[in-house]
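Below is the file work-v8.txt, which contains compact mmCIF, C-alpha atoms.
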```txt
# COMPACT_ATOMS: atom_id res chain seq x y z
CA MET A 1 29.87 38.03 -4.13
CA LYS A 2 31.70 35.63 -1.86
CA SER A 3 29.53 36.56 1.14
CA LEU A 4 26.36 36.15 -0.94
CA LEU A 5 27.44 32.68 -2.03
CA HIS A 6 28.25 31.92 1.59
CA LEU A 7 24.70 32.84 2.59
CA VAL A 8 23.19 30.72 -0.18
CA CYS A 9 25.48 27.81 0.35
CA LEU A 10 27.34 27.15 3.60
CA THR A 11 29.76 24.66 2.04
CA THR A 12 30.42 23.32 -1.44
CA THR A 13 29.48 19.85 -0.24
CA LEU A 14 26.10 21.05 1.02
CA CYS A 15 25.48 22.90 -2.24
CA PHE A 16 26.14 19.84 -4.36
CA SER A 17 24.05 17.71 -1.99
CA ALA A 18 21.08 20.08 -2.19
CA LEU A 19 21.40 20.31 -5.98
CA ALA A 20 21.56 16.53 -6.33
CA THR A 21 18.56 16.09 -4.06
CA GLY A 22 16.53 18.65 -6.00
CA GLN A 23 17.39 17.09 -9.35
CA SER A 24 16.65 13.58 -8.09
CA GLN A 25 13.34 14.66 -6.56
CA PHE A 26 12.27 16.46 -9.75
CA ALA A 27 13.16 13.48 -11.95
CA LEU A 28 11.31 11.02 -9.71
CA ASN A 29 8.24 13.28 -9.51
CA GLN A 30 8.10 13.74 -13.28
CA SER A 31 8.43 10.02 -13.99
CA PHE A 32 5.81 9.25 -11.36
CA ALA A 33 3.37 11.75 -12.88
CA ALA A 34 3.95 10.27 -16.35
CA LEU A 35 2.76 6.86 -15.13
CA TYR A 36 -0.59 8.32 -14.12
CA GLU A 37 -1.02 10.35 -17.29
CA GLN A 38 -1.11 6.96 -19.03
CA GLU A 39 -3.51 5.51 -16.47
CA LEU A 40 -5.80 8.46 -15.72
CA GLY A 41 -5.45 10.79 -18.68
CA SER A 42 -5.33 14.42 -17.57
CA THR A 43 -3.32 14.92 -14.36
CA GLN A 44 -1.92 17.77 -12.31
CA LYS A 45 0.06 18.29 -9.14
CA CYS A 46 -2.30 18.14 -6.16
CA LEU A 47 -2.84 21.34 -4.20
CA SER A 48 -1.96 19.35 -1.07
CA SER A 49 1.60 18.84 -2.34
CA SER A 50 4.44 20.50 -0.41
CA ALA A 51 8.23 20.75 -0.45
CA ASN A 52 8.79 17.07 0.34
CA ARG A 53 5.39 15.67 -0.65
CA TYR A 54 4.34 15.28 -4.27
CA ALA A 55 0.87 13.97 -5.16
CA VAL A 56 -0.74 13.40 -8.57
CA CYS A 57 -4.36 14.50 -8.93
CA SER A 58 -6.79 14.01 -11.82
CA PRO A 59 -10.41 14.88 -12.69
CA ALA A 60 -10.92 11.11 -12.98
CA LEU A 61 -10.28 10.64 -9.26
CA ARG A 62 -12.90 10.89 -6.51
CA GLY A 63 -10.78 13.44 -4.66
CA ASP A 64 -7.27 14.44 -3.60
CA GLY A 65 -7.23 11.84 -0.84
CA ASN A 66 -7.28 9.11 -3.48
CA ALA A 67 -4.15 10.44 -5.21
CA PRO A 68 -0.84 8.56 -5.41
CA PHE A 69 1.99 10.38 -3.62
CA ILE A 70 5.71 10.49 -2.83
CA LEU A 71 7.32 11.58 0.45
CA PHE A 72 10.86 12.53 -0.58
CA GLN A 73 13.83 12.42 1.78
CA GLN A 74 17.11 13.02 -0.04
CA ALA A 75 18.87 11.84 -3.18
CA ASP A 76 20.60 8.82 -1.64
CA SER A 77 17.86 7.66 0.75
CA PRO A 78 16.44 4.12 0.60
CA ILE A 79 12.90 3.84 -0.78
CA VAL A 80 9.80 2.04 0.45
CA VAL A 81 7.09 1.36 -2.14
CA LEU A 82 3.96 1.20 0.02
CA THR A 83 0.82 -0.12 -1.71
CA HIS A 84 -2.79 0.25 -0.58
CA GLY A 85 -5.53 -2.39 -0.41
CA LEU A 86 -8.49 -3.56 -2.49
CA SER A 87 -11.21 -0.88 -2.97
CA ASP A 88 -9.29 1.79 -1.05
CA SER A 89 -6.56 4.31 -1.95
CA PRO A 90 -3.10 5.60 -0.96
CA PHE A 91 -4.79 7.62 1.77
CA PHE A 92 -4.97 4.48 3.89
CA VAL A 93 -1.21 3.93 3.95
CA SER A 94 -0.42 7.58 4.73
CA ALA A 95 -0.02 7.13 8.51
CA ILE A 96 2.41 4.25 7.96
CA ALA A 97 4.14 6.31 5.25
CA ASP A 98 4.72 9.12 7.76
CA GLU A 99 6.35 6.68 10.18
CA LEU A 100 8.69 5.39 7.47
CA TYR A 101 9.50 8.90 6.27
CA ASP A 102 10.43 9.90 9.82
CA SER A 103 12.73 6.85 9.86
CA GLY A 104 14.71 8.22 6.90
CA TYR A 105 12.96 6.62 3.94
CA THR A 106 11.58 8.10 0.77
CA VAL A 107 8.08 6.60 0.45
CA ILE A 108 6.25 6.01 -2.83
CA ALA A 109 2.53 5.26 -2.45
CA PRO A 110 1.11 4.18 -5.83
CA LEU A 111 -2.54 4.04 -6.89
CA LEU A 112 -3.50 0.61 -8.20
CA PRO A 113 -5.39 0.44 -11.53
CA GLY A 114 -9.15 0.55 -11.05
CA HIS A 115 -8.93 2.42 -7.74
CA GLY A 116 -9.77 5.92 -6.56
CA LEU A 117 -11.98 6.55 -9.60
CA LYS A 118 -15.31 8.30 -9.99
CA ASP A 119 -16.28 5.59 -12.49
CA ALA A 120 -14.71 2.18 -11.82
CA ASP A 121 -17.32 -0.21 -13.25
CA ALA A 122 -15.34 -1.27 -16.33
CA ALA A 123 -12.05 -1.50 -14.43
CA MET A 124 -13.51 -3.70 -11.71
CA GLU A 125 -14.72 -6.17 -14.35
CA ASP A 126 -11.45 -6.30 -16.30
CA GLU A 127 -10.21 -9.86 -16.93
CA GLN A 128 -6.65 -8.51 -16.67
CA LEU A 129 -7.21 -6.59 -13.44
CA ALA A 130 -4.70 -8.50 -11.30
CA GLU A 131 -2.16 -8.45 -14.14
CA ARG A 132 -2.60 -4.67 -14.34
CA TRP A 133 -1.92 -4.40 -10.61
CA GLN A 134 1.23 -6.49 -10.99
CA ALA A 135 2.45 -4.51 -13.99
CA HIS A 136 1.85 -1.17 -12.26
CA LEU A 137 3.73 -2.17 -9.13
CA ALA A 138 6.60 -3.39 -11.33
CA GLU A 139 6.70 0.01 -13.07
CA VAL A 140 6.80 1.86 -9.75
CA VAL A 141 9.58 -0.39 -8.42
CA GLU A 142 11.53 0.26 -11.63
CA LEU A 143 11.25 4.00 -10.94
CA ALA A 144 12.55 3.45 -7.41
CA LEU A 145 15.46 1.36 -8.68
CA GLN A 146 16.55 4.26 -10.87
CA SER A 147 17.20 6.23 -7.67
CA THR A 148 18.56 3.55 -5.31
CA ASP A 149 19.32 -0.14 -5.01
CA LYS A 150 17.83 -0.06 -1.49
CA VAL A 151 14.16 -0.75 -2.24
CA VAL A 152 11.74 -2.15 0.35
CA LEU A 153 8.22 -3.28 -0.53
CA GLY A 154 5.31 -2.84 1.81
CA GLY A 155 1.58 -2.88 1.68
CA PHE A 156 -1.76 -2.97 3.37
CA SER A 157 -3.99 -6.00 2.63
CA THR A 158 -3.91 -6.55 -1.17
CA GLY A 159 -0.86 -4.29 -1.30
CA GLY A 160 0.90 -6.81 0.92
CA ALA A 161 -0.03 -9.70 -1.37
CA LEU A 162 1.25 -7.77 -4.39
CA SER A 163 4.50 -7.03 -2.55
CA MET A 164 5.04 -10.73 -1.86
CA ASP A 165 4.10 -11.61 -5.43
CA TYR A 166 6.65 -9.14 -6.79
CA TYR A 167 9.37 -10.36 -4.43
CA LEU A 168 8.93 -14.00 -5.41
CA SER A 169 9.41 -13.05 -9.07
CA ASN A 170 12.18 -10.45 -8.51
CA PRO A 171 14.01 -11.30 -5.27
CA ASP A 172 17.18 -9.41 -6.21
CA ASN A 173 15.29 -6.10 -6.43
CA VAL A 174 13.89 -6.12 -2.88
CA GLN A 175 15.72 -5.54 0.43
CA GLY A 176 12.79 -6.10 2.80
CA ILE A 177 9.02 -6.61 3.08
CA LEU A 178 6.46 -4.87 5.31
CA LEU A 179 2.97 -6.37 5.65
CA PHE A 180 0.02 -4.65 7.34
CA SER A 181 -3.10 -6.85 7.49
CA GLY A 182 -1.41 -8.69 4.63
CA ALA A 183 -3.84 -10.56 2.37
CA LEU A 184 -2.17 -13.98 2.33
CA ALA A 185 -5.48 -15.67 3.12
CA LEU A 186 -9.13 -14.67 2.75
CA ASN A 187 -12.26 -15.50 4.69
CA GLY A 188 -12.96 -19.25 4.44
CA ASN A 189 -16.25 -18.75 2.62
CA VAL A 190 -14.57 -16.61 -0.02
CA GLU A 191 -11.78 -19.14 -0.49
CA SER A 192 -14.29 -21.97 -0.95
CA LEU A 193 -16.56 -20.04 -3.34
CA SER A 194 -13.59 -18.96 -5.45
CA LYS A 195 -13.04 -22.58 -6.51
CA LEU A 196 -16.47 -22.92 -8.15
CA TRP A 197 -16.69 -23.12 -11.93
CA GLY A 198 -18.13 -19.97 -13.51
CA ILE A 199 -17.87 -17.98 -10.30
CA LYS A 200 -16.29 -14.97 -12.03
CA THR A 201 -19.23 -14.63 -14.40
CA LEU A 202 -21.59 -14.78 -11.44
CA ALA A 203 -19.47 -12.21 -9.59
CA ARG A 204 -19.85 -9.72 -12.43
CA LEU A 205 -23.62 -10.14 -12.28
CA LEU A 206 -23.64 -9.65 -8.52
CA ASP A 207 -21.49 -6.52 -8.79
CA GLY A 208 -23.93 -4.99 -11.26
CA ASP A 209 -23.22 -1.35 -12.00
CA TYR A 210 -20.35 -0.94 -9.55
CA GLN A 211 -20.83 2.08 -7.29
CA THR A 212 -17.91 4.18 -6.10
CA SER A 213 -19.74 6.74 -3.94
CA GLY A 214 -20.34 5.95 -0.30
CA PRO A 215 -19.79 7.17 3.27
CA ASN A 216 -15.99 7.13 2.95
CA PRO A 217 -14.57 9.54 0.35
CA GLN A 218 -11.23 7.72 0.47
CA LYS A 219 -12.49 4.28 -0.62
CA TYR A 220 -15.30 2.50 -2.45
CA PRO A 221 -18.31 1.46 -0.34
CA LYS A 222 -17.89 -2.25 -1.14
CA VAL A 223 -15.25 -4.62 -2.47
CA ALA A 224 -16.16 -5.73 -5.99
CA SER A 225 -16.77 -9.50 -5.96
CA PHE A 226 -14.90 -9.93 -9.24
CA ALA A 227 -11.87 -8.01 -7.94
CA GLY A 228 -11.90 -10.18 -4.79
CA LEU A 229 -11.64 -13.28 -6.98
CA GLU A 230 -8.71 -11.71 -8.82
CA LEU A 231 -7.03 -11.25 -5.44
CA MET A 232 -7.74 -14.87 -4.51
CA GLU A 233 -5.97 -16.06 -7.66
CA LEU A 234 -2.97 -13.94 -6.72
CA ILE A 235 -2.90 -15.43 -3.21
CA ARG A 236 -3.05 -18.97 -4.62
CA SER A 237 -0.15 -18.19 -6.93
CA ILE A 238 1.94 -17.03 -3.95
CA ARG A 239 1.08 -20.18 -1.99
CA GLU A 240 1.94 -22.45 -4.90
CA ARG A 241 5.38 -20.91 -5.39
CA LEU A 242 6.17 -21.19 -1.69
CA GLU A 243 4.98 -24.79 -1.57
CA GLU A 244 7.12 -25.55 -4.63
CA GLY A 245 10.26 -24.44 -2.78
CA ALA A 246 10.53 -20.65 -2.94
CA ARG A 247 11.93 -19.03 0.20
CA VAL A 248 11.99 -15.48 1.55
CA ALA A 249 15.57 -14.35 2.12
CA VAL A 250 14.94 -10.72 3.17
CA PRO A 251 13.75 -9.29 6.51
CA VAL A 252 9.97 -9.25 6.96
CA PHE A 253 7.79 -7.11 9.23
CA VAL A 254 4.22 -8.30 9.82
CA ALA A 255 1.45 -6.51 11.75
CA HIS A 256 -1.90 -8.28 11.98
CA SER A 257 -5.00 -8.42 14.14
CA GLN A 258 -6.08 -11.77 15.58
CA ALA A 259 -9.68 -10.60 15.15
CA ASP A 260 -9.28 -9.92 11.42
CA GLN A 261 -12.13 -11.75 9.65
CA THR A 262 -11.31 -10.43 6.17
CA THR A 263 -7.73 -11.69 5.91
CA PRO A 264 -7.32 -14.31 8.65
CA ILE A 265 -4.03 -14.22 10.53
CA GLU A 266 -3.24 -17.80 9.45
CA GLY A 267 -2.14 -16.48 6.07
CA VAL A 268 0.77 -14.44 7.42
CA GLN A 269 1.58 -17.09 10.02
CA ASN A 270 2.04 -19.58 7.21
CA LEU A 271 4.17 -17.12 5.22
CA LEU A 272 6.60 -16.68 8.11
CA THR A 273 7.44 -20.41 8.00
CA TYR A 274 9.11 -19.68 4.64
CA VAL A 275 11.19 -16.72 5.87
CA ASP A 276 14.91 -17.37 6.38
CA ALA A 277 15.82 -13.81 7.46
CA ASP A 278 15.07 -11.61 10.47
CA ASN A 279 11.39 -10.99 11.04
CA THR A 280 9.11 -9.14 13.43
CA PHE A 281 5.54 -10.31 13.95
CA TYR A 282 3.44 -7.68 15.71
CA VAL A 283 0.19 -9.36 16.76
CA ILE A 284 -2.77 -7.29 17.98
CA ASP A 285 -4.59 -9.42 20.49
CA GLU A 286 -8.13 -10.59 19.82
CA GLU A 287 -9.36 -8.76 22.92
CA TYR A 288 -9.15 -5.47 20.98
CA GLN A 289 -11.54 -6.79 18.29
CA LEU A 290 -9.60 -4.72 15.76
CA CYS A 291 -11.15 -4.85 12.29
CA HIS A 292 -9.08 -5.54 9.18
CA ALA A 293 -9.07 -2.00 7.76
CA ASP A 294 -8.49 -0.28 11.11
CA LEU A 295 -5.00 -1.66 11.68
CA VAL A 296 -3.43 1.26 9.71
CA VAL A 297 -5.66 3.97 11.26
CA ASN A 298 -4.36 6.43 13.83
CA ARG A 299 -6.31 9.39 15.23
CA LEU A 300 -5.00 11.90 12.71
CA LEU A 301 -5.87 9.62 9.79
CA LEU A 302 -9.39 9.11 11.15
CA GLU A 303 -9.88 12.87 11.46
CA LYS A 304 -8.75 13.42 7.87
CA MET A 305 -10.92 10.59 6.55
CA ASP A 306 -14.10 12.68 6.66
CA PHE A 307 -16.28 9.61 7.08
CA ASP A 308 -20.03 10.28 6.81
CA LYS A 309 -21.72 8.08 9.44
CA SER A 310 -25.17 9.05 8.20
CA ARG A 311 -24.53 7.08 4.99
CA ALA A 312 -23.13 3.97 6.68
CA ASP A 313 -24.94 0.66 7.16
CA LEU A 314 -24.67 0.36 10.93
CA SER A 315 -25.85 -3.27 10.84
CA GLU A 316 -22.55 -4.30 9.21
CA THR A 317 -19.65 -5.33 11.43
CA CYS A 318 -16.72 -2.92 11.01
CA ALA A 319 -18.93 -0.42 9.16
CA ILE A 320 -17.57 2.55 11.15
CA PRO A 321 -13.79 3.08 11.00
CA GLN A 322 -12.01 3.16 14.35
CA VAL A 323 -8.55 4.10 15.59
CA ASN A 324 -6.18 1.20 16.13
CA PRO A 325 -5.58 1.41 19.91
CA GLN A 326 -2.22 -0.31 19.37
CA PHE A 327 -1.09 1.95 16.51
CA PHE A 328 1.71 3.66 18.40
CA PRO A 329 3.23 0.48 19.92
CA MET A 330 2.97 -1.06 16.45
CA ALA A 331 4.71 2.00 14.96
CA ARG A 332 7.52 1.72 17.54
CA ALA A 333 8.01 -1.92 16.59
CA LEU A 334 8.10 -0.90 12.91
CA ARG A 335 10.71 1.78 13.58
CA GLY A 336 12.86 -0.66 15.52
CA PHE A 337 12.62 -3.17 12.70
CA VAL A 338 13.50 -0.52 10.11
CA GLU A 339 16.51 0.67 12.13
CA PHE A 340 18.05 -2.72 12.83
CA ALA A 341 16.92 -5.02 10.01
CA LEU A 342 16.61 -2.86 6.89
CA PRO A 343 19.14 -0.95 4.74
CA GLN A 344 19.86 2.64 5.84
```
Take the structure from the file and write it as structure tokens.
Amino acid sequence: MKSLLHLVCLTTTLCFSALATGQSQFALNQSFAALYEQELGSTQKCLSSSANRYAVCSPALRGDGNAPFILFQQADSPIVVLTHGLSDSPFFVSAIADELYDSGYTVIAPLLPGHGLKDADAAMEDEQLAERWQAHLAEVVELALQSTDKVVLGGFSTGGALSMDYYLSNPDNVQGILLFSGALALNGNVESLSKLWGIKTLARLLDGDYQTSGPNPQKYPKVASFAGLELMELIRSIRERLEEGARVAVPVFVAHSQADQTTPIEGVQNLLTYVDADNTFYVIDEEYQLCHADLVVNRLLLEKMDFDKSRADLSETCAIPQVNPQFFPMARALRGFVEFALPQ
């Protein structure tokens, strides 16, 4: 019996560690799934799940790629909550999630309300849409805090804005912030139009019957105008709090393209003037003409995207997703930042 136990468990310490990790992973997965049962109704573990990857699928979703997921390290590992952008899904943060996982972090990639759905028309017209995003992120952070006090928030585009919004309201819960094409400013035309009286009513009319099917199975074909206005209100709220005296006292990593026309780089440049801690600003030069959404795309992600070029509008700038030619240098900078500036 002793030799059998020895084969199963090399040391008592390792046994207890493995047991604790398994229990912690199971508890986190179950709580995570329960969140989406409330949001999506019927759910099940995705077939793409594996030993250290748990994803929540549902008949309401457009496909497995749209599913929220967890990459689990070990029971005592720090956690990054990594949130996707407007109109897309957790799929788009998966390459960054892999980098963070390889750096020793458990990564939770939530699915924002109204996203990844076969039918999103009602959700994308919801007056409380931004509030639902905020509440959902808060719920996911609460889950993370049940496992560790070392929680880092990160996000792509709108996910970055929501991360900053959460931090400004709950600074004691966050140990660092990671922003990828962070939406701290929008195209000048959008910012100007968003100030017009009655613009939300007009936006609903322009959105019409919101379509979710398009050339990219991992995201909606267009950003809903109404949802964009909800994002603009969130950005203004962040700006107002900073201008009223709020400061950022945790380390911040920013990666942004100078050629980004969707979320101009000036937004994150302005944010960094309010940061009192270590920060890394990885700028992708304008010469690369890197589009907003492509910053988080590496070759493997592009291959998995299954983009249908035959359904794309080739007249639109940035219509065809491309690999970020600076992804790997950007990833090295991120790993260096994580190692030296964030909790381990």
message: With distances taken over only C-alpha atoms, which residue among A:Phe226, A:Tyr167, A:Phe26, A:Trp197 lies nearest A:Pro251?
response: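 Using only C-alpha atoms, the shortest distance to A:Pro251 belongs to A:Tyr167.
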Atom CA of A:Tyr274 to atom CA of A:Leu184, distance in Å rounded to a single decimal: 12.8 Å
- prompt: Hey, can you check how far atom CA of A:Thr280 sits from atom CA of A:Val296?
  reply: 16.7 Å
- line: note - atom CA of A:Ser257 and atom CA of A:Ser213 are separated by 27.8 Å
task: Extract, using only C-alpha atoms, all DNA, RNA and protein residues at most 10 Å from A:Gln146, discarding same-chain residues fewer than 2 positions from it, and format them as an MDAnalysis selection string.
output: chainID A and resid 24 27:28 141:144 148:149
task: Excluding A:Phe328 and residues on its chain fewer than 6 positions from it, collect all residues at most 10 Å away from it, counting only C-alpha atoms, and give them as a PyMOL selection string.
output: chain A and resi 99+298+334
